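*Asks:* Just so it is clear, I am handing over final_31.txt, which has compact mmCIF, C-alpha atoms.
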```
# COMPACT_ATOMS: atom_id res chain seq x y z
CA GLU I 1 0.00 0.00 0.00
CA ALA I 2 2.82 2.36 0.83
CA GLY I 3 4.40 1.64 -2.51
CA ALA I 4 1.16 2.29 -4.36
CA PHE I 5 0.69 5.60 -2.55
CA LEU I 6 4.19 6.76 -3.42
CA SER I 7 3.66 5.76 -7.04
CA ARG I 8 0.42 7.80 -7.29
CA ALA I 9 2.00 10.83 -5.59
CA SER I 10 4.96 10.74 -7.94
CA SER I 11 2.63 10.59 -10.96
CA LEU I 12 0.61 13.59 -9.68
CA VAL I 13 3.75 15.73 -9.19
CA MET I 14 5.03 14.90 -12.64
CA SER I 15 1.69 15.76 -14.26
CA ARG I 16 1.66 19.17 -12.58
CA ARG I 17 5.18 19.87 -13.71
CA ASN I 18 4.33 19.06 -17.31
CA ARG I 19 1.11 21.17 -17.34
CA PRO I 20 1.44 24.44 -19.41
CA GLN I 21 1.74 27.48 -17.17
CA ALA I 22 -0.41 30.67 -17.76
CA VAL I 23 1.73 33.58 -18.97
CA PRO I 24 0.76 37.14 -17.85
CA PRO I 25 -0.27 39.43 -20.75
CA ALA I 26 2.53 41.91 -20.10
CA ALA I 27 5.13 39.16 -20.19
CA ALA I 28 3.63 37.73 -23.34
CA ALA I 29 3.79 41.12 -25.04
CA ALA I 30 7.38 41.61 -24.00
CA ALA I 31 8.33 38.18 -25.33
CA ALA I 32 6.65 38.72 -28.69
CA PRO I 33 8.82 39.71 -31.66
CA PRO I 34 8.93 43.49 -32.42
CA SER I 35 6.84 43.12 -35.56
CA ALA I 36 3.98 41.66 -33.54
CA ARG I 37 4.00 44.20 -30.69
CA PHE I 38 2.35 47.18 -32.45
CA ALA I 39 -0.36 47.49 -34.99
CA LEU I 40 0.83 50.52 -36.99
CA ARG I 41 -1.92 52.73 -38.33
CA LYS I 42 -1.34 55.04 -41.25
CA LEU I 43 -1.81 58.65 -40.22
CA ASN I 44 -3.74 60.99 -42.47
CA SER I 45 -1.54 63.92 -43.55
CA ARG I 46 -2.88 67.49 -43.26
CA PRO I 47 -4.80 68.31 -46.42
CA ALA I 48 -3.01 70.90 -48.49
CA MET I 49 -4.61 74.28 -49.22
CA ASP I 50 -4.38 75.40 -52.83
CA ALA I 51 -4.31 78.98 -54.07
CA GLU I 52 -8.02 79.00 -54.85
CA ALA I 53 -8.96 77.91 -51.33
CA ALA I 54 -6.52 80.45 -49.86
CA SER I 55 -8.06 83.21 -51.95
CA ALA I 56 -11.53 82.23 -50.73
CA ARG I 57 -10.41 82.35 -47.09
CA TRP I 58 -8.75 85.73 -47.62
CA SER I 59 -11.94 87.10 -49.18
CA VAL I 60 -13.85 86.20 -46.02
CA LEU I 61 -11.19 87.80 -43.85
CA SER I 62 -11.00 90.98 -45.93
CA LEU I 63 -14.76 91.46 -45.71
CA ALA I 64 -14.59 90.96 -41.94
CA ILE I 65 -11.80 93.54 -41.60
CA ARG I 66 -13.89 96.05 -43.51
CA GLN I 67 -16.78 95.37 -41.17
CA ILE I 68 -14.51 96.01 -38.20
CA PHE I 69 -13.44 99.33 -39.68
CA ARG I 70 -17.14 100.22 -40.15
CA HIS I 71 -17.91 99.22 -36.55
CA ASP I 72 -20.21 96.51 -37.85
CA ALA I 73 -18.55 93.54 -36.16
CA SER I 74 -21.25 92.44 -33.73
CA GLU I 75 -22.13 89.31 -35.71
CA LEU I 76 -18.57 88.28 -36.60
CA SER I 77 -17.12 85.10 -35.13
CA PHE I 78 -13.63 86.10 -34.09
CA GLU I 79 -12.80 82.46 -33.36
CA ASP I 80 -13.60 81.50 -36.96
CA LEU I 81 -11.66 84.47 -38.29
CA TYR I 82 -8.65 83.59 -36.16
CA ARG I 83 -8.82 80.02 -37.44
CA SER I 84 -8.94 81.20 -41.05
CA ALA I 85 -5.90 83.42 -40.57
CA TYR I 86 -4.12 80.61 -38.74
CA ASN I 87 -4.73 78.17 -41.60
CA LEU I 88 -3.50 80.63 -44.21
CA VAL I 89 -0.20 81.04 -42.37
CA LEU I 90 0.03 77.32 -41.65
CA HIS I 91 -0.32 76.48 -45.36
CA LYS I 92 2.34 78.99 -46.45
CA PHE I 93 0.00 81.81 -47.49
CA GLY I 94 1.31 84.26 -44.89
CA THR I 95 2.40 86.78 -47.51
CA LEU I 96 -1.07 86.81 -49.06
CA LEU I 97 -2.55 87.47 -45.63
CA TYR I 98 -0.05 90.09 -44.46
CA GLU I 99 0.01 92.14 -47.64
CA GLY I 100 -3.74 91.90 -47.99
CA VAL I 101 -4.29 93.19 -44.47
CA CYS I 102 -1.87 96.08 -45.01
CA ALA I 103 -3.70 97.01 -48.23
CA GLU I 104 -7.05 97.02 -46.41
CA ILE I 105 -5.63 99.25 -43.65
CA GLU I 106 -4.19 101.73 -46.14
CA LEU I 107 -7.43 101.86 -48.12
CA HIS I 108 -9.44 102.54 -44.98
CA LEU I 109 -7.04 105.25 -43.77
CA ALA I 110 -6.99 106.96 -47.15
CA GLN I 111 -10.76 107.32 -46.85
CA ALA I 112 -10.43 108.52 -43.26
CA ALA I 113 -7.90 111.17 -44.35
CA VAL I 114 -10.39 112.59 -46.84
CA GLN I 115 -12.97 112.94 -44.06
CA VAL I 116 -10.51 114.61 -41.69
CA ALA I 117 -9.37 117.04 -44.38
CA GLU I 118 -12.99 117.89 -45.19
CA ALA I 119 -13.66 118.65 -41.52
CA GLY I 120 -10.81 121.13 -41.58
CA ARG I 121 -12.04 122.70 -44.80
CA VAL I 122 -15.55 123.43 -43.57
CA GLY I 123 -14.63 124.19 -39.94
CA ASP I 124 -11.96 125.94 -37.94
CA GLY I 125 -8.68 124.64 -36.63
CA ALA I 126 -10.33 123.09 -33.59
CA ALA I 127 -12.64 121.09 -35.88
CA LEU I 128 -9.66 119.75 -37.80
CA LEU I 129 -7.86 118.88 -34.58
CA ARG I 130 -10.89 117.10 -33.17
CA SER I 131 -11.51 115.17 -36.38
CA ALA I 132 -7.88 114.01 -36.53
CA THR I 133 -7.74 112.89 -32.91
CA ASP I 134 -11.11 111.12 -33.26
CA ALA I 135 -9.78 109.29 -36.32
CA TRP I 136 -6.69 108.28 -34.37
CA ALA I 137 -8.73 106.96 -31.43
CA ASP I 138 -10.96 105.02 -33.82
CA HIS I 139 -7.94 103.61 -35.62
CA ARG I 140 -6.35 102.36 -32.42
CA LEU I 141 -9.57 100.68 -31.31
CA THR I 142 -10.18 98.85 -34.57
CA MET I 143 -6.54 97.86 -34.98
CA VAL I 144 -6.64 96.05 -31.64
CA MET I 145 -9.50 93.93 -32.99
CA VAL I 146 -7.66 93.24 -36.23
CA ARG I 147 -4.49 92.39 -34.32
CA ASP I 148 -6.36 89.86 -32.19
CA ILE I 149 -7.48 87.99 -35.30
CA LEU I 150 -3.92 87.90 -36.63
CA MET I 151 -2.04 86.93 -33.46
CA TYR I 152 -0.71 83.71 -34.98
CA MET I 153 0.61 85.60 -38.00
CA ASP I 154 2.31 88.13 -35.70
CA ARG I 155 3.94 85.34 -33.69
CA THR I 156 5.20 83.23 -36.59
CA TYR I 157 5.19 84.81 -40.04
CA VAL I 158 6.14 88.35 -38.99
CA PRO I 159 9.43 87.60 -37.17
CA LEU I 160 10.51 85.03 -39.74
CA GLN I 161 9.93 87.45 -42.61
CA ARG I 162 11.15 90.49 -40.65
CA ARG I 163 7.92 92.39 -41.11
CA ARG I 164 6.30 94.83 -38.73
CA PRO I 165 3.59 93.47 -36.44
CA VAL I 166 0.20 94.36 -37.85
CA TYR I 167 -0.60 96.98 -35.18
CA ASP I 168 2.70 98.77 -35.80
CA ALA I 169 2.13 98.58 -39.56
CA GLY I 170 -1.20 100.28 -38.96
CA THR I 171 0.47 103.05 -36.95
CA VAL I 172 2.92 103.76 -39.77
CA ALA I 173 0.04 103.69 -42.28
CA PHE I 174 -1.84 106.30 -40.22
CA ARG I 175 1.21 108.53 -40.18
CA VAL I 176 1.58 108.27 -43.95
CA GLN I 177 -2.07 108.35 -45.00
CA VAL I 178 -3.63 110.73 -42.45
CA TRP I 179 -0.94 112.86 -40.88
CA GLY I 180 0.95 112.95 -44.18
CA HIS I 181 -2.08 114.27 -46.06
CA PRO I 182 -1.24 117.72 -47.49
CA GLN I 183 -4.32 119.25 -45.89
CA ILE I 184 -3.84 117.74 -42.44
CA GLY I 185 -0.34 117.43 -40.97
CA THR I 186 1.02 120.90 -41.63
CA LYS I 187 -2.25 122.55 -40.66
CA LEU I 188 -2.53 120.61 -37.43
CA GLY I 189 0.95 121.62 -36.35
CA ARG I 190 -0.04 125.24 -36.82
CA VAL I 191 -3.31 124.74 -34.94
CA LEU I 192 -1.40 123.39 -31.94
CA LEU I 193 1.04 126.31 -31.96
CA ASP I 194 -1.82 128.81 -32.24
CA GLY I 195 -3.52 127.17 -29.27
CA VAL I 196 -0.44 127.73 -27.13
CA ALA I 197 -0.06 131.32 -28.36
CA GLY I 198 -3.69 132.08 -27.59
CA GLU I 199 -3.35 130.69 -24.09
CA ARG I 200 -0.25 132.80 -23.45
CA ALA I 201 -2.17 135.85 -24.57
CA GLY I 202 -4.85 135.17 -21.97
CA GLY I 203 -7.25 133.12 -24.06
CA MET I 204 -8.57 129.59 -23.60
CA CYS I 205 -7.81 126.39 -25.43
CA ASP I 206 -9.22 122.87 -25.20
CA ARG I 207 -6.46 121.28 -23.15
CA GLY I 208 -7.97 117.83 -23.42
CA LEU I 209 -7.93 118.08 -27.19
CA MET I 210 -4.38 119.43 -27.17
CA ARG I 211 -3.28 116.55 -24.95
CA SER I 212 -4.86 114.00 -27.31
CA ALA I 213 -3.13 115.58 -30.30
CA CYS I 214 0.30 115.67 -28.62
CA GLY I 215 -0.13 112.07 -27.52
CA MET I 216 -1.02 111.08 -31.07
CA LEU I 217 2.12 112.73 -32.45
CA SER I 218 4.31 111.02 -29.87
CA GLU I 219 2.80 107.62 -30.70
CA LEU I 220 3.11 108.03 -34.47
CA GLY I 221 6.89 108.03 -34.24
CA ARG I 222 7.20 105.16 -31.77
CA VAL I 223 7.45 102.32 -34.30
CA ASP I 224 10.54 103.34 -36.24
CA GLY I 225 12.02 106.13 -34.13
CA THR I 226 10.70 108.93 -36.35
CA ASP I 227 10.21 111.87 -33.99
CA VAL I 228 6.94 113.16 -35.40
CA TYR I 229 6.16 115.15 -32.25
CA ARG I 230 9.43 117.07 -32.40
CA ALA I 231 9.30 117.72 -36.14
CA ALA I 232 5.62 118.64 -36.28
CA PHE I 233 5.31 120.61 -33.06
CA GLU I 234 8.11 120.77 -30.52
CA ASP I 235 10.73 122.53 -32.67
CA GLY I 236 8.24 125.24 -33.63
CA PHE I 237 6.96 125.48 -30.06
CA LEU I 238 10.43 126.08 -28.63
CA ALA I 239 11.29 128.62 -31.30
CA GLU I 240 8.06 130.57 -30.74
CA THR I 241 8.50 130.35 -26.97
CA ALA I 242 11.92 132.00 -27.22
CA GLU I 243 10.58 134.67 -29.56
CA PHE I 244 7.59 135.36 -27.32
CA TYR I 245 9.59 135.90 -24.14
CA ARG I 246 12.27 137.83 -25.93
CA ALA I 247 9.61 140.30 -27.05
CA GLU I 248 7.59 140.37 -23.83
CA MET I 249 10.45 140.66 -21.33
CA GLY I 250 12.94 142.66 -23.39
CA GLY I 251 12.66 145.95 -21.47
CA ALA I 252 10.74 144.71 -18.46
CA VAL I 253 13.54 145.26 -15.94
CA ALA I 254 14.06 148.89 -16.98
CA ALA I 255 10.32 149.56 -17.17
CA GLY I 256 9.18 148.03 -13.88
CA GLY I 257 12.21 147.26 -11.80
CA THR I 258 13.72 144.04 -10.56
CA ALA I 259 10.93 143.05 -8.16
CA ALA I 260 8.22 143.38 -10.79
CA TYR I 261 10.31 141.53 -13.34
CA VAL I 262 11.03 138.62 -11.00
CA ALA I 263 7.35 138.31 -10.11
CA ARG I 264 6.35 138.33 -13.76
CA ALA I 265 9.06 135.86 -14.81
CA THR I 266 8.19 133.51 -11.93
CA ALA I 267 4.52 133.51 -12.94
CA ARG I 268 5.38 132.81 -16.59
CA ILE I 269 7.68 129.92 -15.67
CA ALA I 270 4.92 128.41 -13.55
CA GLU I 271 2.50 128.72 -16.47
CA GLU I 272 4.88 126.92 -18.80
CA HIS I 273 5.44 124.07 -16.37
CA GLU I 274 1.68 123.77 -15.91
CA ARG I 275 1.33 123.58 -19.68
CA VAL I 276 3.72 120.65 -19.79
CA GLY I 277 1.75 118.88 -17.09
CA HIS I 278 -1.59 119.41 -18.82
CA TYR I 279 -0.97 118.60 -22.47
CA LEU I 280 2.59 118.77 -23.73
CA ALA I 281 4.72 115.64 -23.93
CA ALA I 282 6.93 115.06 -20.90
CA CYS I 283 10.03 115.15 -23.12
CA THR I 284 9.40 118.85 -23.76
CA ALA I 285 10.06 119.83 -20.14
CA GLY I 286 13.86 119.76 -20.49
CA PRO I 287 14.23 121.81 -23.70
CA LEU I 288 11.54 124.23 -22.52
CA GLY I 289 13.38 124.78 -19.24
CA GLU I 290 16.54 125.63 -21.18
CA VAL I 291 14.67 128.20 -23.29
CA LEU I 292 13.11 129.81 -20.20
CA ASP I 293 16.45 129.96 -18.42
CA ARG I 294 18.11 131.54 -21.42
CA GLU I 295 15.39 134.09 -22.22
CA LEU I 296 14.17 134.98 -18.71
CA VAL I 297 17.33 134.71 -16.64
CA THR I 298 20.56 134.70 -18.64
CA ALA I 299 19.44 137.38 -21.10
CA HIS I 300 18.63 139.80 -18.26
CA HIS I 301 21.11 138.94 -15.55
CA ARG I 302 23.16 142.13 -15.98
CA ALA I 303 20.12 144.36 -15.72
CA LEU I 304 18.89 142.41 -12.69
CA VAL I 305 22.25 142.73 -10.94
CA ALA I 306 22.49 146.42 -11.76
CA ASP I 307 19.02 147.13 -10.33
CA PRO I 308 18.82 145.14 -7.07
```
Let me see whether you can do it: turn the structure in this file into structure tokens.
*Replies:*
Amino acid sequence: EAGAFLSRASSLVMSRRNRPQAVPPAAAAAAAPPSARFALRKLNSRPAMDAEAASARWSVLSLAIRQIFRHDASELSFEDLYRSAYNLVLHKFGTLLYEGVCAEIELHLAQAAVQVAEAGRVGDGAALLRSATDAWADHRLTMVMVRDILMYMDRTYVPLQRRRPVYDAGTVAFRVQVWGHPQIGTKLGRVLLDGVAGERAGGMCDRGLMRSACGMLSELGRVDGTDVYRAAFEDGFLAETAEFYRAEMGGAVAAGGTAAYVARATARIAEEHERVGHYLAACTAGPLGEVLDRELVTAHHRALVADP
């Protein structure tokens, strides 16, 4: 009996040893040959955009940009417009998009320049100044909306092609089309100088409007370093300031004495500094101070010393 039991036990052990063992899935996958591990799936390539499709997308974008310039953008989908601009750049039609946008901006600003010039023709200098600054404010507002649609172009196409970002291109276009109009830029510079002269003579000027105009001139030269503010206004302002005080204070010491002169000069200097604070560009403070020192102090120091 003992022998039979040992014989059955030995047979059972041997049968268990010879039974196939279950292999975990992970181990089976690792043991499989490389060709059997992955089922490769063919990826669909991005469909190419041909010139006809690109032209169609640009037509939609150009119409939308015109609507933005007309303030008729309430029903536009800016997400769809962004996607259209993105796809144009992605499929190598960035030049079509960039140059098309610049052409739309220039066309719009050429029309705006005609309106500003007409306002100056039928009205006074203040009407011209107000029309120009309103056009500038409108331009900045609409260009922000256009820039938002073209953010992908600004981030990719523009630096690679060494172009100006679209907002900066719009600023230069405004300077050329509006400020550069023969009936606008030169006249506006004169209007600003007349406003200062009238205020010095005791009159009133719209300081808010003057501030907007000076800010516009400062911004127009920001993109490429062209100092529009200095060329259009500041140089003439400093020259007329020197001439004004040379004429007003020429014989003031002899006519009224030192005390009266000092009181008058102090009041005038305070007025000029107030003018800088209210509407002139901050960069004017330094050159203006030099003119005041030269015309109100240095030019009369001998007479002031001689009449204590």
*Asks:* So that I can see what lies close to range 100-117 of chain I, please list as a list of chain:residue names the residues with an atom at most 6 Å from it, counting only C-alpha atoms and leaving out residues fewer than 2 positions away in the same chain.
*Replies:*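 The residues satisfying every condition are I:Leu96, I:Leu97, I:Tyr98, I:Ala119, I:Gly120, I:Ser131, I:Ala132, I:Gln177, I:Val178, I:Gln183, I:Ile184.
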*Asks:* Could you check how far CA of Glu75 in chain I sits from CA of Leu63 in chain I, in Å to one decimal?
*Replies:*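 Between CA of Glu75 in chain I and CA of Leu63 in chain I the gap works out to 12.6 Å.
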*Asks:* In Å to one decimal, how far is CA of Arg140 in chain I from CA of Leu88 in chain I?
*Replies:* 24.9 Å
*Asks:* For Phe233 in chain I, which residue out of I:Glu199, I:Asp194, I:Glu248, I:Asp148 is the nearest one, using all atoms listed in the file?
*Replies:* I:Asp194
*Asks:* Quick one: distance from CA of Leu150 in chain I to CA of Phe78 in chain I in Å, one decimal?
*Replies:*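 Result for CA of Leu150 in chain I versus CA of Phe78 in chain I: 10.2 Å, one decimal.
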*Asks:* Which polymer residues, protein or nucleic acid, are no farther than 12 Å from (5.5, 107.6, -33.7), counting all atoms listed in the file, as a list in words?
*Replies:* Asp168, Ala169, Gly170, Thr171, Val172, Ala173, Phe174, Arg175, Val176, Trp179, Cys214, Gly215, Met216, Leu217, Ser218, Glu219, Leu220, Gly221, Arg222, Val223, Asp224, Gly225, Thr226, Asp227, Val228, Tyr229, Arg230, Ala231 and Ala232 of chain I
*Asks:* Nearest residue to Lys187 in chain I out of I:Glu240, I:Leu296, I:Leu129, I:Ala282, using only C-alpha atoms?
*Replies:*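 Using only C-alpha atoms, Lys187 in chain I sits closest to I:Leu129.
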*Asks:* Please identify all polymer residues within 10 Å of Ala51 in chain I, counting all atoms listed in the file, omitting same-chain residues fewer than 5 positions from it, and present them as a ChimeraX atom specification.
*Replies:* /I:56-57,91,93,96
*Asks:* So which one's closest to Thr156 in chain I, I:Leu188, I:Val89, I:Ile68, I:Leu141? Using all atoms listed in the file, please.
*Replies:*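 Counting all atoms listed in the file, the residue closest to Thr156 in chain I is I:Val89.
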*Asks:* With a distance cut-off of 12 Å and only C-alpha atoms, select the neighbouring residues of Val196 in chain I, excluding the residue or stretch itself and same-chain residues fewer than 2 positions from it, and output the selection as JSON, numbers by chain.
*Replies:* {"I": [189, 190, 191, 192, 193, 194, 198, 199, 200, 201, 202, 203, 204, 205, 206, 207, 210, 211, 233, 234, 236, 237, 238, 240, 241, 244, 271, 272, 275, 276, 278, 279, 280]}
*Asks:* Check the smallest atom-to-atom distance from each of I:Thr284, I:Ser212, I:Thr142, I:Asn87 to Ile65 in chain I using only C-alpha atoms, then report the winner.
*Replies:*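 Smallest distance to Ile65 in chain I is found for I:Thr142.
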*Asks:* List the neighbours of Met249 in chain I out to 9 Å using all atoms listed in the file; skip same-chain residues closer than 5 positions along the sequence, and give me the result as JSON, numbers by chain.
*Replies:* {"I": [244, 261, 264, 265, 295, 296, 300]}
*Asks:* Would you place a box with edges along x, y and z of the file around all atoms of range 114-123 of chain I listed there, add 3 Å to each of its six sides, and report the centre and edge lengths in Å to one decimal, as JSON?
*Replies:*
```
{"center_x": -12.5, "center_y": 118.4, "center_z": -43.4, "size_x": 12.2, "size_y": 17.6, "size_z": 12.9}
```
